[in-house]
Structure formats: structure tokens, C-alpha cells
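Below is the file run22.pdb, which contains PDB, C-alpha atoms.
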```pdb
ATOM      1  CA  MET V   1     -72.856   7.410 -75.404  1.00  0.00           C
ATOM      2  CA  LYS V   2     -74.516   8.788 -72.285  1.00  0.00           C
ATOM      3  CA  LEU V   3     -72.560  10.606 -69.614  1.00  0.00           C
ATOM      4  CA  LYS V   4     -73.817   9.436 -66.196  1.00  0.00           C
ATOM      5  CA  PRO V   5     -71.795  10.923 -63.348  1.00  0.00           C
ATOM      6  CA  GLU V   6     -71.898   8.833 -60.183  1.00  0.00           C
ATOM      7  CA  LYS V   7     -69.979  11.011 -57.760  1.00  0.00           C
ATOM      8  CA  PHE V   8     -69.191  14.629 -57.052  1.00  0.00           C
ATOM      9  CA  MET V   9     -66.921  16.821 -54.976  1.00  0.00           C
ATOM     10  CA  ILE V  10     -67.635  20.334 -53.754  1.00  0.00           C
ATOM     11  CA  VAL V  11     -64.667  22.656 -53.222  1.00  0.00           C
ATOM     12  CA  ALA V  12     -63.697  26.289 -52.706  1.00  0.00           C
ATOM     13  CA  ALA V  13     -60.261  27.927 -52.658  1.00  0.00           C
ATOM     14  CA  ALA V  14     -58.493  31.226 -53.271  1.00  0.00           C
ATOM     15  CA  ALA V  15     -54.921  32.163 -54.141  1.00  0.00           C
ATOM     16  CA  GLU V  16     -52.518  34.894 -55.213  1.00  0.00           C
ATOM     17  CA  GLY V  17     -50.328  34.940 -58.305  1.00  0.00           C
ATOM     18  CA  GLU V  18     -48.064  37.169 -60.358  1.00  0.00           C
ATOM     19  CA  HIS V  19     -50.859  37.324 -62.959  1.00  0.00           C
ATOM     20  CA  SER V  20     -54.631  36.845 -62.799  1.00  0.00           C
ATOM     21  CA  LEU V  21     -54.456  33.592 -64.745  1.00  0.00           C
ATOM     22  CA  THR V  22     -51.719  32.119 -62.546  1.00  0.00           C
ATOM     23  CA  ALA V  23     -53.722  33.154 -59.458  1.00  0.00           C
ATOM     24  CA  PHE V  24     -56.700  31.288 -60.934  1.00  0.00           C
ATOM     25  CA  ASP V  25     -54.476  28.284 -61.675  1.00  0.00           C
ATOM     26  CA  SER V  26     -53.166  28.299 -58.087  1.00  0.00           C
ATOM     27  CA  ALA V  27     -56.726  28.463 -56.720  1.00  0.00           C
ATOM     28  CA  LEU V  28     -57.639  25.457 -58.886  1.00  0.00           C
ATOM     29  CA  LEU V  29     -54.640  23.542 -57.533  1.00  0.00           C
ATOM     30  CA  LYS V  30     -55.558  24.413 -53.930  1.00  0.00           C
ATOM     31  CA  ALA V  31     -59.110  23.197 -54.609  1.00  0.00           C
ATOM     32  CA  GLY V  32     -57.839  19.856 -55.969  1.00  0.00           C
ATOM     33  CA  ILE V  33     -59.047  20.451 -59.532  1.00  0.00           C
ATOM     34  CA  GLY V  34     -55.958  22.019 -61.096  1.00  0.00           C
ATOM     35  CA  ASN V  35     -54.778  19.188 -63.337  1.00  0.00           C
ATOM     36  CA  ILE V  36     -58.039  18.559 -65.182  1.00  0.00           C
ATOM     37  CA  ASN V  37     -60.025  20.370 -67.863  1.00  0.00           C
ATOM     38  CA  LEU V  38     -63.169  21.951 -66.463  1.00  0.00           C
ATOM     39  CA  VAL V  39     -66.142  21.558 -68.770  1.00  0.00           C
ATOM     40  CA  ARG V  40     -68.626  24.136 -67.527  1.00  0.00           C
ATOM     41  CA  LEU V  41     -72.147  22.945 -66.918  1.00  0.00           C
ATOM     42  CA  SER V  42     -75.263  24.566 -65.575  1.00  0.00           C
ATOM     43  CA  SER V  43     -77.180  23.623 -62.485  1.00  0.00           C
ATOM     44  CA  ILE V  44     -78.398  20.039 -62.179  1.00  0.00           C
ATOM     45  CA  LEU V  45     -76.794  17.319 -60.036  1.00  0.00           C
ATOM     46  CA  PRO V  46     -77.888  13.933 -61.420  1.00  0.00           C
ATOM     47  CA  PRO V  47     -79.928  11.649 -59.141  1.00  0.00           C
ATOM     48  CA  ALA V  48     -78.008   9.215 -56.922  1.00  0.00           C
ATOM     49  CA  CYS V  49     -74.676  11.086 -57.183  1.00  0.00           C
ATOM     50  CA  ILE V  50     -72.589  10.471 -54.060  1.00  0.00           C
ATOM     51  CA  GLU V  51     -70.252  13.039 -52.521  1.00  0.00           C
ATOM     52  CA  GLU V  52     -66.581  12.077 -52.341  1.00  0.00           C
ATOM     53  CA  LYS V  53     -65.509  14.052 -49.261  1.00  0.00           C
ATOM     54  CA  GLU V  54     -61.837  13.112 -49.667  1.00  0.00           C
ATOM     55  CA  GLY V  55     -61.848  14.284 -53.278  1.00  0.00           C
ATOM     56  CA  ILE V  56     -61.791  12.407 -56.552  1.00  0.00           C
ATOM     57  CA  ASP V  57     -58.646  10.995 -58.114  1.00  0.00           C
ATOM     58  CA  PHE V  58     -59.253  12.375 -61.604  1.00  0.00           C
ATOM     59  CA  PRO V  59     -57.045  11.159 -64.453  1.00  0.00           C
ATOM     60  CA  LEU V  60     -54.615  13.923 -65.454  1.00  0.00           C
ATOM     61  CA  GLY V  61     -56.084  16.065 -68.209  1.00  0.00           C
ATOM     62  CA  ALA V  62     -59.577  14.536 -67.887  1.00  0.00           C
ATOM     63  CA  PHE V  63     -62.549  16.521 -69.157  1.00  0.00           C
ATOM     64  CA  VAL V  64     -64.641  16.991 -66.013  1.00  0.00           C
ATOM     65  CA  PRO V  65     -68.182  18.408 -65.973  1.00  0.00           C
ATOM     66  CA  THR V  66     -68.030  21.232 -63.412  1.00  0.00           C
ATOM     67  CA  ALA V  67     -70.407  23.917 -62.178  1.00  0.00           C
ATOM     68  CA  TYR V  68     -68.399  26.801 -60.784  1.00  0.00           C
ATOM     69  CA  GLY V  69     -68.234  30.447 -59.860  1.00  0.00           C
ATOM     70  CA  THR V  70     -64.958  32.315 -60.055  1.00  0.00           C
ATOM     71  CA  ILE V  71     -63.560  35.803 -59.765  1.00  0.00           C
ATOM     72  CA  CYS V  72     -60.125  37.312 -60.416  1.00  0.00           C
ATOM     73  CA  SER V  73     -58.974  40.748 -59.312  1.00  0.00           C
ATOM     74  CA  GLU V  74     -55.879  42.910 -59.700  1.00  0.00           C
ATOM     75  CA  LYS V  75     -57.153  45.556 -57.275  1.00  0.00           C
ATOM     76  CA  GLU V  76     -54.961  45.608 -54.169  1.00  0.00           C
ATOM     77  CA  GLY V  77     -57.017  45.339 -50.975  1.00  0.00           C
ATOM     78  CA  GLU V  78     -60.207  44.223 -52.706  1.00  0.00           C
ATOM     79  CA  LEU V  79     -62.160  41.440 -50.996  1.00  0.00           C
ATOM     80  CA  ILE V  80     -63.302  38.736 -53.402  1.00  0.00           C
ATOM     81  CA  SER V  81     -65.245  35.576 -52.723  1.00  0.00           C
ATOM     82  CA  ALA V  82     -66.824  32.570 -54.390  1.00  0.00           C
ATOM     83  CA  ALA V  83     -69.465  30.141 -53.152  1.00  0.00           C
ATOM     84  CA  VAL V  84     -71.191  27.107 -54.589  1.00  0.00           C
ATOM     85  CA  GLY V  85     -74.023  25.095 -53.149  1.00  0.00           C
ATOM     86  CA  ILE V  86     -76.179  22.099 -53.851  1.00  0.00           C
ATOM     87  CA  GLY V  87     -79.796  21.721 -52.857  1.00  0.00           C
ATOM     88  CA  PHE V  88     -80.848  18.111 -52.427  1.00  0.00           C
ATOM     89  CA  SER V  89     -84.350  16.778 -52.954  1.00  0.00           C
ATOM     90  CA  PRO V  90     -85.459  13.695 -50.984  1.00  0.00           C
ATOM     91  CA  ASP V  91     -85.732  11.383 -53.996  1.00  0.00           C
ATOM     92  CA  SER V  92     -84.750  13.220 -57.170  1.00  0.00           C
ATOM     93  CA  PHE V  93     -81.973  15.339 -58.657  1.00  0.00           C
ATOM     94  CA  GLY V  94     -80.099  18.172 -56.963  1.00  0.00           C
ATOM     95  CA  ILE V  95     -79.733  21.802 -57.973  1.00  0.00           C
ATOM     96  CA  ILE V  96     -76.373  23.597 -58.014  1.00  0.00           C
ATOM     97  CA  MET V  97     -76.039  27.371 -57.662  1.00  0.00           C
ATOM     98  CA  GLU V  98     -72.890  29.482 -57.531  1.00  0.00           C
ATOM     99  CA  HIS V  99     -71.907  33.080 -56.910  1.00  0.00           C
ATOM    100  CA  ALA V 100     -68.632  34.993 -57.122  1.00  0.00           C
ATOM    101  CA  GLY V 101     -68.090  38.674 -56.491  1.00  0.00           C
ATOM    102  CA  THR V 102     -66.662  41.475 -54.384  1.00  0.00           C
ATOM    103  CA  CYS V 103     -68.274  40.518 -51.105  1.00  0.00           C
ATOM    104  CA  THR V 104     -67.554  38.449 -48.008  1.00  0.00           C
ATOM    105  CA  GLY V 105     -67.643  34.673 -48.094  1.00  0.00           C
ATOM    106  CA  ASP V 106     -70.694  34.786 -45.812  1.00  0.00           C
ATOM    107  CA  GLU V 107     -72.499  37.112 -48.223  1.00  0.00           C
ATOM    108  CA  ALA V 108     -71.703  34.786 -51.143  1.00  0.00           C
ATOM    109  CA  ARG V 109     -72.972  31.799 -49.112  1.00  0.00           C
ATOM    110  CA  ALA V 110     -76.201  33.615 -48.261  1.00  0.00           C
ATOM    111  CA  LYS V 111     -76.820  34.493 -51.916  1.00  0.00           C
ATOM    112  CA  VAL V 112     -76.254  30.882 -52.989  1.00  0.00           C
ATOM    113  CA  GLU V 113     -78.664  29.625 -50.326  1.00  0.00           C
ATOM    114  CA  ILE V 114     -81.369  32.067 -51.476  1.00  0.00           C
ATOM    115  CA  MET V 115     -80.889  31.017 -55.128  1.00  0.00           C
ATOM    116  CA  ILE V 116     -81.123  27.307 -54.238  1.00  0.00           C
ATOM    117  CA  LYS V 117     -84.376  27.874 -52.363  1.00  0.00           C
ATOM    118  CA  GLU V 118     -85.793  29.874 -55.265  1.00  0.00           C
ATOM    119  CA  ALA V 119     -84.793  27.196 -57.804  1.00  0.00           C
ATOM    120  CA  PHE V 120     -86.566  24.522 -55.744  1.00  0.00           C
ATOM    121  CA  SER V 121     -89.628  26.739 -55.369  1.00  0.00           C
ATOM    122  CA  ASN V 122     -89.683  27.367 -59.141  1.00  0.00           C
ATOM    123  CA  ARG V 123     -89.805  23.607 -59.699  1.00  0.00           C
ATOM    124  CA  GLU V 124     -92.264  22.960 -56.849  1.00  0.00           C
ATOM    125  CA  LEU V 125     -89.708  20.465 -55.582  1.00  0.00           C
ATOM    126  CA  GLU V 126     -89.167  19.587 -51.921  1.00  0.00           C
ATOM    127  CA  LEU V 127     -85.815  20.760 -50.518  1.00  0.00           C
ATOM    128  CA  LYS V 128     -84.307  18.225 -48.102  1.00  0.00           C
ATOM    129  CA  ASP V 129     -80.825  19.626 -47.459  1.00  0.00           C
ATOM    130  CA  ILE V 130     -78.317  22.232 -48.628  1.00  0.00           C
ATOM    131  CA  ARG V 131     -74.523  21.916 -48.800  1.00  0.00           C
ATOM    132  CA  ILE V 132     -72.466  25.086 -49.444  1.00  0.00           C
ATOM    133  CA  GLU V 133     -68.720  25.747 -49.692  1.00  0.00           C
ATOM    134  CA  SER V 134     -67.215  29.225 -49.916  1.00  0.00           C
ATOM    135  CA  THR V 135     -63.960  31.116 -49.799  1.00  0.00           C
ATOM    136  CA  GLU V 136     -62.888  34.736 -49.551  1.00  0.00           C
ATOM    137  CA  HIS V 137     -59.604  36.448 -50.317  1.00  0.00           C
ATOM    138  CA  ARG V 138     -58.100  39.901 -49.772  1.00  0.00           C
ATOM    139  CA  VAL V 139     -56.173  40.723 -52.965  1.00  0.00           C
ATOM    140  CA  GLN V 140     -52.512  41.638 -52.586  1.00  0.00           C
ATOM    141  CA  LYS V 141     -51.467  41.835 -56.246  1.00  0.00           C
ATOM    142  CA  ASN V 142     -53.476  39.360 -58.333  1.00  0.00           C
ATOM    143  CA  GLY V 143     -56.074  37.262 -56.558  1.00  0.00           C
ATOM    144  CA  ALA V 144     -58.534  34.598 -57.590  1.00  0.00           C
ATOM    145  CA  ALA V 145     -61.306  32.663 -55.900  1.00  0.00           C
ATOM    146  CA  ILE V 146     -63.224  29.631 -57.147  1.00  0.00           C
ATOM    147  CA  ALA V 147     -66.015  27.476 -55.768  1.00  0.00           C
ATOM    148  CA  ALA V 148     -66.957  24.383 -57.755  1.00  0.00           C
ATOM    149  CA  VAL V 149     -68.891  21.145 -57.952  1.00  0.00           C
ATOM    150  CA  ALA V 150     -67.006  18.619 -60.102  1.00  0.00           C
ATOM    151  CA  LEU V 151     -68.838  15.493 -61.327  1.00  0.00           C
ATOM    152  CA  TRP V 152     -67.314  12.148 -62.202  1.00  0.00           C
TER     153      TRP V 152
END
```

So that I can check it, write out the structure of this file as C-alpha cells.
Amino acid sequence: MKLKPEKFMIVAAAAEGEHSLTAFDSALLKAGIGNINLVRLSSILPPACIEEKEGIDFPLGAFVPTAYGTICSEKEGELISAAVGIGFSPDSFGIIMEHAGTCTGDEARAKVEIMIKEAFSNRELELKDIRIESTEHRVQKNGAAIAAVALW
């Protein structure tokens, strides 16, 4: 059986929680991917995948191939962020890059953009467009940030 995703959604969200894991869970819920099982994948968006801007109605508990960057922190006042981006070629596959760390959302976005450009250069592939989503969060008690591309 071949897995052939036909659509994708790109999301980013951050949240607080009483614990790091519940902060992560809340960030997933805010991003619209909290009631599925994320199956981590690397960096290739299959050809002809179409973005679902309104989100995807995943079956509860579905195993969903997802490229993502995430960070959790328990350090009060720390700024955390996550960004994910897709580089699109004119007539081939796309390349997904993600970054999460203790930086601003703009810094995470910039890093993702640089990595996408490098990945296209490494492949000698023409870059047509880039789409990036990011989030940042100032930790109060337990914070989490996630940026993800989910395929379906």
C-alpha cells in the first residue's frame, strides 16, 4: 500500500499549561491538530499536494504524517518560537523546513527561509514560492510552541 497525501495544512500555535506536556497539548489543540497522532516525517512535500487553508477534518485518532518543529520551556519570561515553511518548485515536489528555539518568531521565520533556499540550491531545483507560518510565546509557567505541516 502506498501512502499518497493529496492535501496539506500549515499551522503554528503556542500555549501555556500547568505542565510542559499539557502546554504542548494545548498548542496542538490551538493549531487544529490536537486530536490526531502526529507521525513525524522529514522534509518533502509530495507533488500536486493542495493546501487546505480552512484546515483538514481529520478523523479522530488518525495517524497523520507531519513535519514539525516544537519547543517547550518552564523558564518564566523566556521567549520561545517555532516556524515551519514550505518551498515550492514550479513543477515538482516541495521542501519543508522547520525551526524552534529561544528566539523571536521573526528570527525563526528568517532561519526557515534560509534553510529552504539552501535545500533548493543543494538540489539545483528552481524555487517558485515560499510559505512560512510562525508563532512566539513568552513563558509564564510552562509554555510550548509548535509549527507544523500536516499531510492528508

> Got a sec to resolve the PyMOL selection byres ((chain V and resi 64) around 9) on this structure and send the residues as a PyMOL selection string?
Replying inline: chain V and resi 36-40+58+61-63+65-66+150-152

>> the PyMOL selection byres ((chain V and resi 52) around 8) - which residues does that actually catch in the file I just gave you? List them as a PyMOL selection string.
In response: chain V and resi 7-9+50-51+53-56

> To one decimal place, how far is CA of Met97 in chain V from CA of Glu78 in chain V in Å?
Replying inline: 23.6 Å

Find the axis-aligned box for range 7-11 of chain V, covering all its listed atoms and adding 6 Å on each side, and write its centre and edge lengths in Å to one decimal as AutoDock Vina command-line options.
```
--center_x -67.3 --center_y 16.8 --center_z -55.5 --size_x 17.3 --size_y 23.6 --size_z 16.5
```

>> Here's a test: counting only C-alpha atoms, identify every protein, DNA and RNA residue with an atom at most 10 Å from (-81.1, 31.2, -57.6) in the file's coordinate frame, and state them as a ChimeraX atom specification.
In response: /V:43,95-99,111-122

> Which of these, V:Ile80, V:Leu41, V:Ile86, V:Ile33, has the shortest distance to Pro59 in chain V once you count only C-alpha atoms?
Replying inline: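 Ranking V:Ile80, V:Leu41, V:Ile86, V:Ile33 by distance to Pro59 in chain V, first place goes to V:Ile33.
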
> Written as an MDAnalysis selection string, what is the full residue list that the PyMOL selection byres ((chain V and resi 146) around 7) yields on the file shown?
Replying inline: chainID V and resid 12:14 27 68:71 82 144:145 147:148

>> Between V:Glu18, V:Asp91, V:Asp57, V:Glu76, which residue has the minimum interatomic distance to Leu127 in chain V, considering only C-alpha atoms?
In response: V:Asp91
